[in-house]
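Printed here is start15.txt (compact mmCIF, C-alpha atoms and all ligand atoms):
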# COMPACT_ATOMS: atom_id res chain seq x y z
CA MET A 16 14.42 20.71 45.07
CA ALA A 17 11.27 21.50 43.11
CA THR A 18 8.09 19.56 43.90
CA PHE A 19 5.68 18.37 41.24
CA ARG A 20 3.47 21.39 42.00
CA ASP A 21 6.40 23.76 41.48
CA LEU A 22 7.36 22.07 38.26
CA LEU A 23 3.79 22.21 36.94
CA SER A 24 3.32 25.88 37.81
CA GLN A 25 6.70 26.78 36.24
CA THR A 26 5.70 24.84 33.11
CA LYS A 27 2.29 26.46 32.94
CA ALA A 28 3.94 29.87 33.19
CA ARG A 29 5.87 29.13 30.00
CA ILE A 30 2.98 27.85 27.86
CA ARG A 31 -0.40 29.09 26.65
CA GLU A 32 -3.58 27.41 27.87
CA VAL A 33 -7.07 27.57 26.39
CA ASP A 34 -10.43 26.37 27.69
CA THR A 35 -12.47 23.78 25.81
CA ALA A 36 -14.60 26.37 23.99
CA GLN A 37 -11.50 28.21 22.75
CA ALA A 38 -9.99 24.85 21.78
CA GLU A 39 -13.09 23.93 19.79
CA ALA A 40 -12.96 27.24 17.93
CA ALA A 41 -9.25 26.79 17.18
CA ILE A 42 -9.78 23.21 15.95
CA ALA A 43 -12.48 24.45 13.57
CA GLN A 44 -9.87 26.59 11.79
CA PRO A 45 -8.33 24.83 8.77
CA GLY A 46 -4.70 23.87 9.29
CA THR A 47 -4.95 23.42 13.06
CA VAL A 48 -3.39 20.16 14.30
CA VAL A 49 -5.00 18.37 17.24
CA LEU A 50 -2.60 16.29 19.29
CA ASP A 51 -3.71 13.66 21.82
CA VAL A 52 -0.91 12.75 24.26
CA ARG A 53 -2.78 10.19 26.37
CA GLU A 54 -1.92 6.50 26.67
CA PRO A 55 -3.19 4.10 23.95
CA ASP A 56 -5.93 2.58 26.15
CA GLU A 57 -7.33 6.06 26.94
CA TYR A 58 -7.19 7.10 23.29
CA GLU A 59 -8.95 3.95 22.09
CA GLN A 60 -11.96 4.61 24.31
CA GLY A 61 -12.61 7.94 22.65
CA ALA A 62 -10.80 10.93 21.19
CA ILE A 63 -11.41 14.24 19.45
CA PRO A 64 -12.08 13.36 15.78
CA GLY A 65 -9.01 13.84 13.57
CA ALA A 66 -6.58 13.99 16.49
CA ILE A 67 -3.04 12.74 15.97
CA HIS A 68 -2.13 10.36 18.76
CA ILE A 69 1.34 10.37 20.32
CA PRO A 70 1.52 9.11 23.90
CA ARG A 71 3.43 11.59 26.11
CA GLY A 72 6.27 9.09 26.55
CA HIS A 73 6.90 8.98 22.78
CA LEU A 74 6.39 12.68 22.14
CA GLU A 75 10.00 13.80 21.66
CA SER A 76 10.91 10.86 19.43
CA GLN A 77 7.81 10.85 17.21
CA VAL A 78 6.56 14.41 16.95
CA GLU A 79 8.89 15.59 14.18
CA ASN A 80 7.70 12.78 11.93
CA LYS A 81 4.03 13.13 12.69
CA LEU A 82 3.94 16.96 12.87
CA PRO A 83 6.52 18.08 10.33
CA ASN A 84 5.18 21.65 10.09
CA ARG A 85 6.45 23.61 13.11
CA ASP A 86 4.44 26.70 12.12
CA ALA A 87 1.03 25.01 12.16
CA PRO A 88 -1.18 25.81 15.17
CA VAL A 89 -1.23 22.83 17.56
CA VAL A 90 -3.93 22.13 20.14
CA ILE A 91 -2.74 19.55 22.68
CA TYR A 92 -4.96 17.68 25.08
CA CYS A 93 -4.71 14.84 27.56
CA ALA A 94 -7.33 13.65 30.06
CA GLY A 95 -7.25 16.65 32.39
CA GLY A 96 -4.68 19.20 31.19
CA THR A 97 -1.51 18.24 33.08
CA ARG A 98 0.30 15.97 30.64
CA SER A 99 -0.72 18.31 27.81
CA ALA A 100 0.87 21.24 29.66
CA PHE A 101 4.21 19.42 29.85
CA ALA A 102 3.79 18.33 26.21
CA ALA A 103 3.15 21.94 25.12
CA ASP A 104 6.32 23.02 26.92
CA THR A 105 8.31 20.32 25.13
CA LEU A 106 6.92 21.29 21.74
CA GLY A 107 7.87 24.91 22.44
CA GLN A 108 11.45 23.78 23.13
CA LEU A 109 11.41 21.82 19.87
CA GLY A 110 10.56 24.99 17.97
CA TYR A 111 6.80 24.63 17.47
CA ALA A 112 5.65 28.23 17.31
CA ASP A 113 1.92 28.13 18.04
CA VAL A 114 1.02 25.56 20.71
CA VAL A 115 -1.79 25.57 23.25
CA SER A 116 -2.81 23.11 25.98
CA VAL A 117 -6.48 22.45 26.75
CA VAL A 118 -7.43 23.08 30.38
CA GLY A 119 -9.68 20.27 31.62
CA GLY A 120 -8.64 18.06 28.71
CA PHE A 121 -10.72 15.36 27.07
CA ASN A 122 -12.75 14.63 30.22
CA LYS A 123 -14.13 18.16 30.34
CA TRP A 124 -14.55 18.21 26.54
CA LYS A 125 -16.60 15.02 26.64
CA ASN A 126 -18.67 16.06 29.69
CA GLU A 127 -19.63 19.27 27.90
CA GLY A 128 -21.05 17.21 25.04
CA ARG A 129 -18.49 18.27 22.44
CA ALA A 130 -17.79 15.99 19.46
CA TRP A 131 -15.73 12.86 20.06
CA SER A 132 -15.56 9.36 18.64
CA ALA A 133 -13.89 6.04 19.31
CA PRO A 134 -11.00 5.83 16.85
CA ARG A 135 -10.61 2.68 14.79
CA THR A 136 -7.58 0.84 16.10
CA LEU A 137 -5.81 -2.46 15.75
CA THR A 138 -6.76 -5.35 18.02
CA PRO A 139 -4.13 -6.50 20.52
CA GLU A 140 -3.45 -9.53 18.28
CA GLN A 141 -2.96 -7.28 15.25
CA ARG A 142 -0.76 -4.95 17.27
CA ASN A 143 1.45 -7.91 18.05
CA ARG A 144 1.42 -9.38 14.54
CA TYR A 145 2.25 -6.08 12.83
CA GLN A 146 4.54 -4.75 15.57
CA ARG A 147 7.49 -4.32 13.19
CA HIS A 148 5.30 -2.22 10.88
CA LEU A 149 4.11 -0.08 13.79
CA LEU A 150 7.71 0.71 14.64
CA VAL A 151 8.24 2.18 11.18
CA ASN A 152 6.86 5.73 11.24
CA GLU A 153 6.03 5.66 7.52
CA VAL A 154 3.63 2.78 8.21
CA GLY A 155 2.51 3.04 11.83
CA GLU A 156 -1.00 2.21 12.99
CA GLU A 157 -2.60 4.44 10.38
CA GLY A 158 -0.67 2.75 7.57
CA GLN A 159 -1.43 -0.70 8.91
CA LEU A 160 -5.14 0.12 8.97
CA LYS A 161 -4.76 1.31 5.36
CA LEU A 162 -3.16 -1.99 4.41
CA LEU A 163 -5.93 -3.94 6.16
CA ASP A 164 -8.50 -1.92 4.19
CA SER A 165 -6.69 -2.38 0.88
CA LYS A 166 -7.36 -4.81 -1.98
CA VAL A 167 -4.66 -6.17 -4.25
CA LEU A 168 -5.37 -8.43 -7.23
CA LEU A 169 -2.71 -10.91 -8.31
CA LEU A 170 -2.76 -12.11 -11.88
CA GLY A 171 -1.37 -15.61 -11.55
CA ALA A 172 -0.49 -17.83 -8.59
CA GLY A 173 2.78 -18.88 -10.19
CA GLY A 174 6.40 -17.82 -9.96
CA LEU A 175 5.85 -14.07 -9.48
CA GLY A 176 2.46 -14.37 -7.81
CA SER A 177 3.77 -16.73 -5.12
CA PRO A 178 6.25 -14.45 -3.34
CA ALA A 179 4.08 -11.39 -4.00
CA ALA A 180 1.03 -13.08 -2.45
CA LEU A 181 2.98 -14.37 0.55
CA TYR A 182 4.46 -10.98 1.40
CA LEU A 183 1.25 -9.05 0.75
CA ALA A 184 -0.71 -11.43 2.97
CA ALA A 185 1.97 -11.35 5.64
CA ALA A 186 1.93 -7.55 5.52
CA GLY A 187 -1.80 -7.56 6.26
CA VAL A 188 -3.24 -6.48 2.91
CA GLY A 189 -6.87 -7.11 3.82
CA THR A 190 -8.07 -8.52 0.52
CA VAL A 191 -5.86 -10.51 -1.82
CA GLY A 192 -7.57 -11.53 -5.05
CA ILE A 193 -5.94 -14.26 -7.14
CA ILE A 194 -6.82 -15.29 -10.65
CA ASP A 195 -5.36 -18.49 -12.08
CA MET A 196 -6.87 -21.37 -14.02
CA ASP A 197 -4.05 -23.91 -13.67
CA VAL A 198 -3.56 -26.89 -11.40
CA VAL A 199 -0.44 -27.45 -9.30
CA ASP A 200 2.16 -29.55 -11.10
CA GLU A 201 5.35 -30.95 -9.59
CA SER A 202 7.41 -28.91 -12.07
CA ASN A 203 5.94 -25.71 -10.52
CA LEU A 204 7.51 -26.34 -7.11
CA GLN A 205 11.00 -25.25 -8.24
CA ARG A 206 9.79 -21.63 -7.89
CA GLN A 207 6.07 -21.39 -7.04
CA ILE A 208 6.43 -21.37 -3.28
CA LEU A 209 2.72 -20.96 -2.53
CA HIS A 210 2.28 -24.64 -3.35
CA ASN A 211 3.71 -27.91 -2.05
CA LEU A 212 3.73 -31.66 -2.68
CA ASP A 213 0.39 -32.21 -0.94
CA ARG A 214 -1.26 -29.87 -3.44
CA ILE A 215 -0.21 -31.61 -6.68
CA GLY A 216 -3.25 -31.76 -8.93
CA GLU A 217 -5.16 -29.19 -6.87
CA ARG A 218 -6.47 -25.94 -8.34
CA LYS A 219 -3.73 -23.34 -7.89
CA VAL A 220 -6.12 -20.75 -6.48
CA ASP A 221 -7.32 -23.23 -3.83
CA SER A 222 -3.76 -24.13 -2.89
CA ALA A 223 -2.86 -20.43 -2.71
CA LYS A 224 -5.84 -19.69 -0.49
CA LYS A 225 -4.88 -22.46 1.94
CA THR A 226 -1.29 -21.24 2.22
CA LEU A 227 -2.21 -17.57 2.66
CA THR A 228 -4.98 -18.23 5.18
CA LEU A 229 -2.61 -20.30 7.30
CA LEU A 230 -0.09 -17.47 7.15
CA ASN A 231 -2.52 -14.70 8.07
CA PRO A 232 -6.21 -15.25 8.89
CA ASP A 233 -6.76 -11.44 8.70
CA VAL A 234 -6.59 -11.73 4.93
CA ASP A 235 -9.66 -12.36 2.81
CA VAL A 236 -8.39 -14.40 -0.14
CA VAL A 237 -10.74 -14.05 -3.11
CA THR A 238 -10.15 -16.62 -5.85
CA PHE A 239 -10.98 -16.56 -9.55
CA ASP A 240 -10.48 -20.01 -11.08
CA THR A 241 -10.95 -18.78 -14.60
CA ARG A 242 -9.17 -17.48 -17.66
CA LEU A 243 -8.80 -13.70 -17.70
CA GLY A 244 -10.51 -12.49 -20.85
CA ALA A 245 -12.20 -9.52 -22.43
CA ASP A 246 -15.54 -10.81 -21.16
CA ASN A 247 -14.58 -10.75 -17.48
CA VAL A 248 -11.53 -8.51 -16.98
CA LEU A 249 -13.42 -5.30 -16.10
CA ASP A 250 -15.61 -7.12 -13.58
CA ILE A 251 -12.70 -8.96 -11.97
CA ILE A 252 -10.41 -5.94 -11.50
CA ASP A 253 -13.24 -3.67 -10.34
CA GLY A 254 -12.71 -2.32 -6.82
CA TYR A 255 -9.06 -3.36 -6.47
CA ASP A 256 -6.53 -0.71 -5.43
CA VAL A 257 -3.54 -2.29 -7.16
CA ILE A 258 -3.02 -5.07 -9.72
CA VAL A 259 0.13 -7.18 -9.49
CA ASP A 260 0.72 -8.63 -12.92
CA GLY A 261 2.55 -11.95 -12.98
CA THR A 262 1.28 -13.10 -16.36
CA ASP A 263 3.72 -14.34 -18.97
CA ASN A 264 1.98 -13.65 -22.26
CA PHE A 265 1.55 -10.52 -24.31
CA PRO A 266 -2.17 -10.64 -25.14
CA THR A 267 -3.05 -10.78 -21.43
CA ARG A 268 -0.66 -7.95 -20.57
CA TYR A 269 -2.23 -5.69 -23.22
CA LEU A 270 -5.71 -6.69 -22.09
CA VAL A 271 -4.85 -5.90 -18.47
CA ASN A 272 -3.22 -2.62 -19.50
CA ASP A 273 -6.26 -1.40 -21.39
CA ALA A 274 -8.70 -2.51 -18.68
CA SER A 275 -6.59 -0.91 -15.94
CA LEU A 276 -6.65 2.39 -17.86
CA VAL A 277 -10.44 2.20 -18.02
CA LYS A 278 -10.66 1.54 -14.28
CA ARG A 279 -7.64 3.74 -13.41
CA ILE A 280 -6.01 1.04 -11.31
CA PRO A 281 -2.18 1.01 -11.10
CA VAL A 282 -0.48 -2.16 -12.35
CA VAL A 283 2.76 -3.44 -10.88
CA HIS A 284 4.40 -5.26 -13.74
CA GLY A 285 7.01 -7.98 -13.45
CA SER A 286 8.63 -10.31 -15.92
CA ILE A 287 11.39 -12.91 -15.78
CA PHE A 288 13.60 -14.68 -18.28
CA ARG A 289 16.41 -17.13 -17.45
CA PHE A 290 18.60 -14.99 -15.12
CA GLU A 291 17.05 -11.60 -15.85
CA GLY A 292 14.02 -9.88 -14.44
CA GLN A 293 12.22 -6.57 -14.84
CA ALA A 294 9.72 -4.64 -12.80
CA THR A 295 7.89 -1.35 -13.23
CA VAL A 296 4.68 0.41 -12.26
CA PHE A 297 2.07 1.52 -14.77
CA ASN A 298 0.12 4.25 -13.02
CA PRO A 299 -2.77 5.21 -15.34
CA TYR A 300 -2.42 8.69 -16.83
CA VAL A 301 0.29 9.56 -14.27
CA GLY A 302 3.14 7.59 -15.84
CA PRO A 303 3.54 5.51 -18.97
CA CYS A 304 1.34 2.50 -19.65
CA TYR A 305 2.43 -0.88 -20.99
CA ARG A 306 1.69 0.25 -24.56
CA CYS A 307 3.89 3.36 -24.07
CA MET A 308 6.78 1.06 -23.09
CA ILE A 309 6.13 -1.80 -25.51
CA PRO A 310 3.97 -0.50 -28.38
CA GLU A 311 3.74 -3.92 -29.96
CA PRO A 312 4.71 -7.43 -28.91
CA PRO A 313 7.91 -8.91 -30.32
CA PRO A 314 7.55 -11.79 -32.78
CA ALA A 315 6.76 -15.03 -30.95
CA GLU A 316 10.14 -16.61 -31.79
CA LEU A 317 11.94 -13.73 -30.00
CA ALA A 318 9.76 -13.90 -26.93
CA PRO A 319 9.86 -17.43 -25.55
CA SER A 320 7.81 -17.93 -22.41
CA CYS A 321 9.27 -19.06 -19.12
CA ALA A 322 8.06 -22.58 -19.95
CA GLU A 323 10.17 -22.58 -23.11
CA ALA A 324 13.26 -20.65 -22.03
CA GLY A 325 13.61 -21.73 -18.42
CA VAL A 326 14.23 -19.60 -15.37
CA LEU A 327 16.34 -19.89 -12.26
CA GLY A 328 13.88 -20.53 -9.42
CA VAL A 329 15.08 -17.73 -7.12
CA LEU A 330 14.60 -15.07 -9.79
CA PRO A 331 10.78 -14.82 -9.55
CA GLY A 332 11.25 -14.67 -5.78
CA ILE A 333 13.24 -11.46 -6.18
CA ILE A 334 11.06 -9.82 -8.82
CA GLY A 335 7.79 -10.90 -7.17
CA SER A 336 9.01 -9.46 -3.86
CA ILE A 337 9.80 -6.16 -5.58
CA GLN A 338 6.26 -6.20 -6.97
CA ALA A 339 4.86 -6.71 -3.46
CA MET A 340 6.99 -3.82 -2.19
CA GLU A 341 5.75 -1.50 -4.95
CA ALA A 342 2.13 -2.49 -4.27
CA ILE A 343 2.54 -1.66 -0.58
CA LYS A 344 4.19 1.69 -1.39
CA LEU A 345 1.31 2.56 -3.71
CA ILE A 346 -1.23 1.72 -0.99
CA LEU A 347 0.60 3.69 1.69
CA GLY A 348 1.55 6.55 -0.63
CA ILE A 349 5.18 6.47 0.48
CA GLY A 350 8.53 6.67 -1.30
CA ASP A 351 9.22 6.78 -5.02
CA THR A 352 7.51 4.00 -6.91
CA LEU A 353 8.74 2.56 -10.19
CA THR A 354 6.23 4.75 -12.06
CA GLY A 355 8.11 5.89 -15.18
CA ARG A 356 11.13 3.71 -14.38
CA LEU A 357 11.96 0.18 -15.46
CA LEU A 358 14.05 -1.76 -12.97
CA ALA A 359 16.19 -4.43 -14.63
CA TYR A 360 17.86 -7.13 -12.55
CA ASP A 361 20.67 -9.36 -13.79
CA ALA A 362 21.23 -12.29 -11.46
CA LEU A 363 24.55 -13.40 -12.97
CA GLU A 364 26.04 -9.92 -12.65
CA GLU A 365 24.05 -9.38 -9.45
CA SER A 366 23.18 -5.89 -10.62
CA PHE A 367 20.13 -3.64 -10.67
CA ARG A 368 19.74 -0.89 -13.24
CA THR A 369 16.88 1.53 -13.76
CA PHE A 370 15.84 3.04 -17.06
CA LYS A 371 13.54 5.98 -17.54
CA VAL A 372 10.32 5.17 -19.37
CA ASN A 373 8.34 8.10 -20.70
CA ARG A 374 4.72 8.42 -21.61
CA ASP A 375 4.27 8.17 -25.36
CA PRO A 376 2.29 11.19 -26.61
CA ASP A 377 1.10 9.00 -29.47
CA CYS A 378 0.15 6.08 -27.25
CA PRO A 379 -2.99 4.53 -28.74
CA ALA A 380 -4.28 3.69 -25.25
CA CYS A 381 -3.31 6.52 -22.85
CA GLY A 382 -2.14 9.32 -25.15
CA PRO A 383 -4.08 12.60 -25.38
CA ASN A 384 -5.38 11.65 -28.82
CA ALA A 385 -6.18 8.04 -27.98
CA GLY A 386 -9.67 6.98 -28.84
CA GLU A 387 -12.05 5.42 -26.36
CA ILE A 388 -10.63 2.17 -25.06
CA VAL A 389 -12.49 -0.92 -26.19
CA ILE A 390 -11.87 -4.09 -24.24
CA ALA A 391 -11.72 -7.06 -26.55
CA GLU A 392 -9.64 -10.21 -27.01
CA TYR A 393 -6.28 -9.57 -28.60
CA ASP A 394 -4.56 -11.62 -31.24
CA GLU A 395 -0.78 -11.92 -31.43
CA LEU A 396 -0.52 -8.31 -32.66
CA CYS A 397 -2.36 -6.99 -29.59
CA MET A 398 -3.30 -3.75 -31.32
CA PRO A 399 -6.03 -1.68 -29.66
CA HIS A 400 -9.45 -2.19 -31.12
CA PRO A 401 -10.97 0.78 -32.88
CA LYS A 402 -14.27 1.94 -31.46
CA VAL A 403 -16.00 1.36 -34.78
CA ALA A 404 -14.69 -1.34 -37.08
CA PRO A 405 -13.29 0.27 -40.25
CA ALA A 406 -15.40 -0.36 -43.31
CA SER A 407 -13.84 -3.07 -45.41
ZN ZN A 501 0.27 4.55 -22.90

Show the structure stored in the file as structure tokens.
Ligand SMILES: [Zn+2]
Amino acid sequence: MATFRDLLSQTKARIREVDTAQAEAAIAQPGTVVLDVREPDEYEQGAIPGAIHIPRGHLESQVENKLPNRDAPVVIYCAGGTRSAFAADTLGQLGYADVVSVVGGFNKWKNEGRAWSAPRTLTPEQRNRYQRHLLVNEVGEEGQLKLLDSKVLLLGAGGLGSPAALYLAAAGVGTVGIIDMDVVDESNLQRQILHNLDRIGERKVDSAKKTLTLLNPDVDVVTFDTRLGADNVLDIIDGYDVIVDGTDNFPTRYLVNDASLVKRIPVVHGSIFRFEGQATVFNPYVGPCYRCMIPEPPPAELAPSCAEAGVLGVLPGIIGSIQAMEAIKLILGIGDTLTGRLLAYDALEESFRTFKVNRDPDCPACGPNAGEIVIAEYDELCMPHPKVAPAS
């Protein structure tokens, strides 16, 4: 039976080892991947900057996701050079072509005064709260930190804004901005699940902030108890990564569209009507904008608002949740978003359909020949404002 010493020497005979100076030179080459295989508590106290962290025990199961390119040079280290030797052997068996293990490991690296830093990590409480995200490779700790650093602005704390805000806050989106100028009314409670009976008569943004803060104290809820208008839209949306649009009127949608093009902030659009809902993503200058899809608003009599036409209360729950999902995908940069696609949901049929939406080359807002965008209040026609008023 082989002893540990035998096993280690056999392993070392199969792999390539480098000293810390050679490792440093290799890491300086573009394309080289640095892999830290120590335990989380060792990694958190300090690591080589830019290192990918996979504890030795998770190496086989996680490495293909985190290091998809088997031809890239990989420099592996642990604390002293033993675990990294076994890890290098494993990677060789998995088909990684150019792998080296650092003799002396991080301890020698650090003692020699080479560059290291304490990586930013989740607190133990956050690790517990977001555990189900950490188990998903596409999110993981890096993605969760991205979410915590991200800012999403919700237009409206109503039917669509309620589920979107709840899921975004629960997911750990670090800053959730909410703009709404209404007060909570009993007739809202059929669908606006941010609010409750105790909040009747309260400002909606205040009610929303209470609910979200109770759900997740990690989240900074920024409230705007005001009407979104041409005078404030650019200031309010400034600095947000994603806008979730839950407004129900055309002038505001066009205003938000034009302002989001100016600021280049993607808008996750949602709308609901009786038993039908729609969602899409307007990604400025990447996909179509709202004006590409709906060049002009329909006549008022053909476009009754939710207040006039009614809506089944679950419907905004579904569409608002889809909006939250799209916002999170945009932040994490994963999957295929609804950019260039309109998702249409029919609750009575229980069916989802997607339709392609193209950029309009003649779009007066985002087309190549569009003039400079001027942010101004829109009337019921919602046409873009010319830069200079035509002479009358
Ligand atoms: Zn457009």

Between A:Pro312, A:Gly386, A:Gly174, A:Pro281, which is the closest to Gly332 in chain A once you count all atoms listed in the file? A:Gly174

Contacts of ligand ZN 501 (chain A), 9 Å or closer, only C-alpha atoms and all ligand atoms, given as a ChimeraX atom specification: /A:272-273,276,297,299-300,302-308,310,374-382,385

Export of the given selection (C-alpha atoms) as a compact mmCIF listing (two decimals), keeping the file's coordinate frame:
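That gives us selection30.txt:
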# COMPACT_ATOMS: atom_id res chain seq x y z
CA ASN A 272 -3.22 -2.62 -19.50
CA ASP A 273 -6.26 -1.40 -21.39
CA LEU A 276 -6.65 2.39 -17.86
CA PHE A 297 2.07 1.52 -14.77
CA PRO A 299 -2.77 5.21 -15.34
CA TYR A 300 -2.42 8.69 -16.83
CA GLY A 302 3.14 7.59 -15.84
CA PRO A 303 3.54 5.51 -18.97
CA CYS A 304 1.34 2.50 -19.65
CA TYR A 305 2.43 -0.88 -20.99
CA ARG A 306 1.69 0.25 -24.56
CA CYS A 307 3.89 3.36 -24.07
CA MET A 308 6.78 1.06 -23.09
CA PRO A 310 3.97 -0.50 -28.38
CA ARG A 374 4.72 8.42 -21.61
CA ASP A 375 4.27 8.17 -25.36
CA PRO A 376 2.29 11.19 -26.61
CA ASP A 377 1.10 9.00 -29.47
CA CYS A 378 0.15 6.08 -27.25
CA PRO A 379 -2.99 4.53 -28.74
CA ALA A 380 -4.28 3.69 -25.25
CA CYS A 381 -3.31 6.52 -22.85
CA GLY A 382 -2.14 9.32 -25.15
CA ALA A 385 -6.18 8.04 -27.98

Tell me which of A:Val259, A:Val33, A:Ala112, A:Ala186 sits closest to Gln159 in chain A, counting all atoms listed in the file.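 Under the stated criterion, the closest residue is A:Ala186.
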
Nearest to Glu392 in chain A, chosen from A:Val248, A:Val277, A:Val282, A:Ala62, with all atoms listed in the file counted in the distances: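 Between A:Val248, A:Val277, A:Val282, A:Ala62, the residue approaching Glu392 in chain A most closely is A:Val248.
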
At a cut-off of 7 Å around the point (6.5, -31.0, -7.2) (file coordinates), what residues fall inside when counting all atoms listed in the file? I'd like the answer as a ChimeraX atom specification. /A:200-204,211-212,215

Of the residues A:Tyr92, A:Tyr255, A:Tyr182, A:Tyr58, which is the one nearest to Val167 in chain A, using only C-alpha atoms?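 When distances to Val167 in chain A are compared using only C-alpha atoms, the smallest one comes from A:Tyr255.
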
Considering all atoms listed in the file, can you say which of A:Glu57, A:Glu140, A:Asp256, A:Glu387 comes closest to Gly95 in chain A?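 Ranked by minimum distance to Gly95 in chain A, first place goes to A:Glu57.
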
Report, as JSON, the axis-aligned box around all atoms of range 349-361 of chain A present in the file, extended by 4 Å on each side; give centre and edge lengths in Å to one decimal place.
{"center_x": 12.9, "center_y": -1.3, "center_z": -7.5, "size_x": 23.5, "size_y": 24.1, "size_z": 23.9}

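Within a radius of 10 Å around (20.1, -8.2, -10.6), the polymer residues are Phe290, Glu291, Gly292, Gln293, Leu330, Ile333, Ile334, Leu358, Ala359, Tyr360, Asp361, Ala362, Leu363, Glu364, Glu365, Ser366, Phe367 and Arg368 of chain A, counting all atoms listed in the file.
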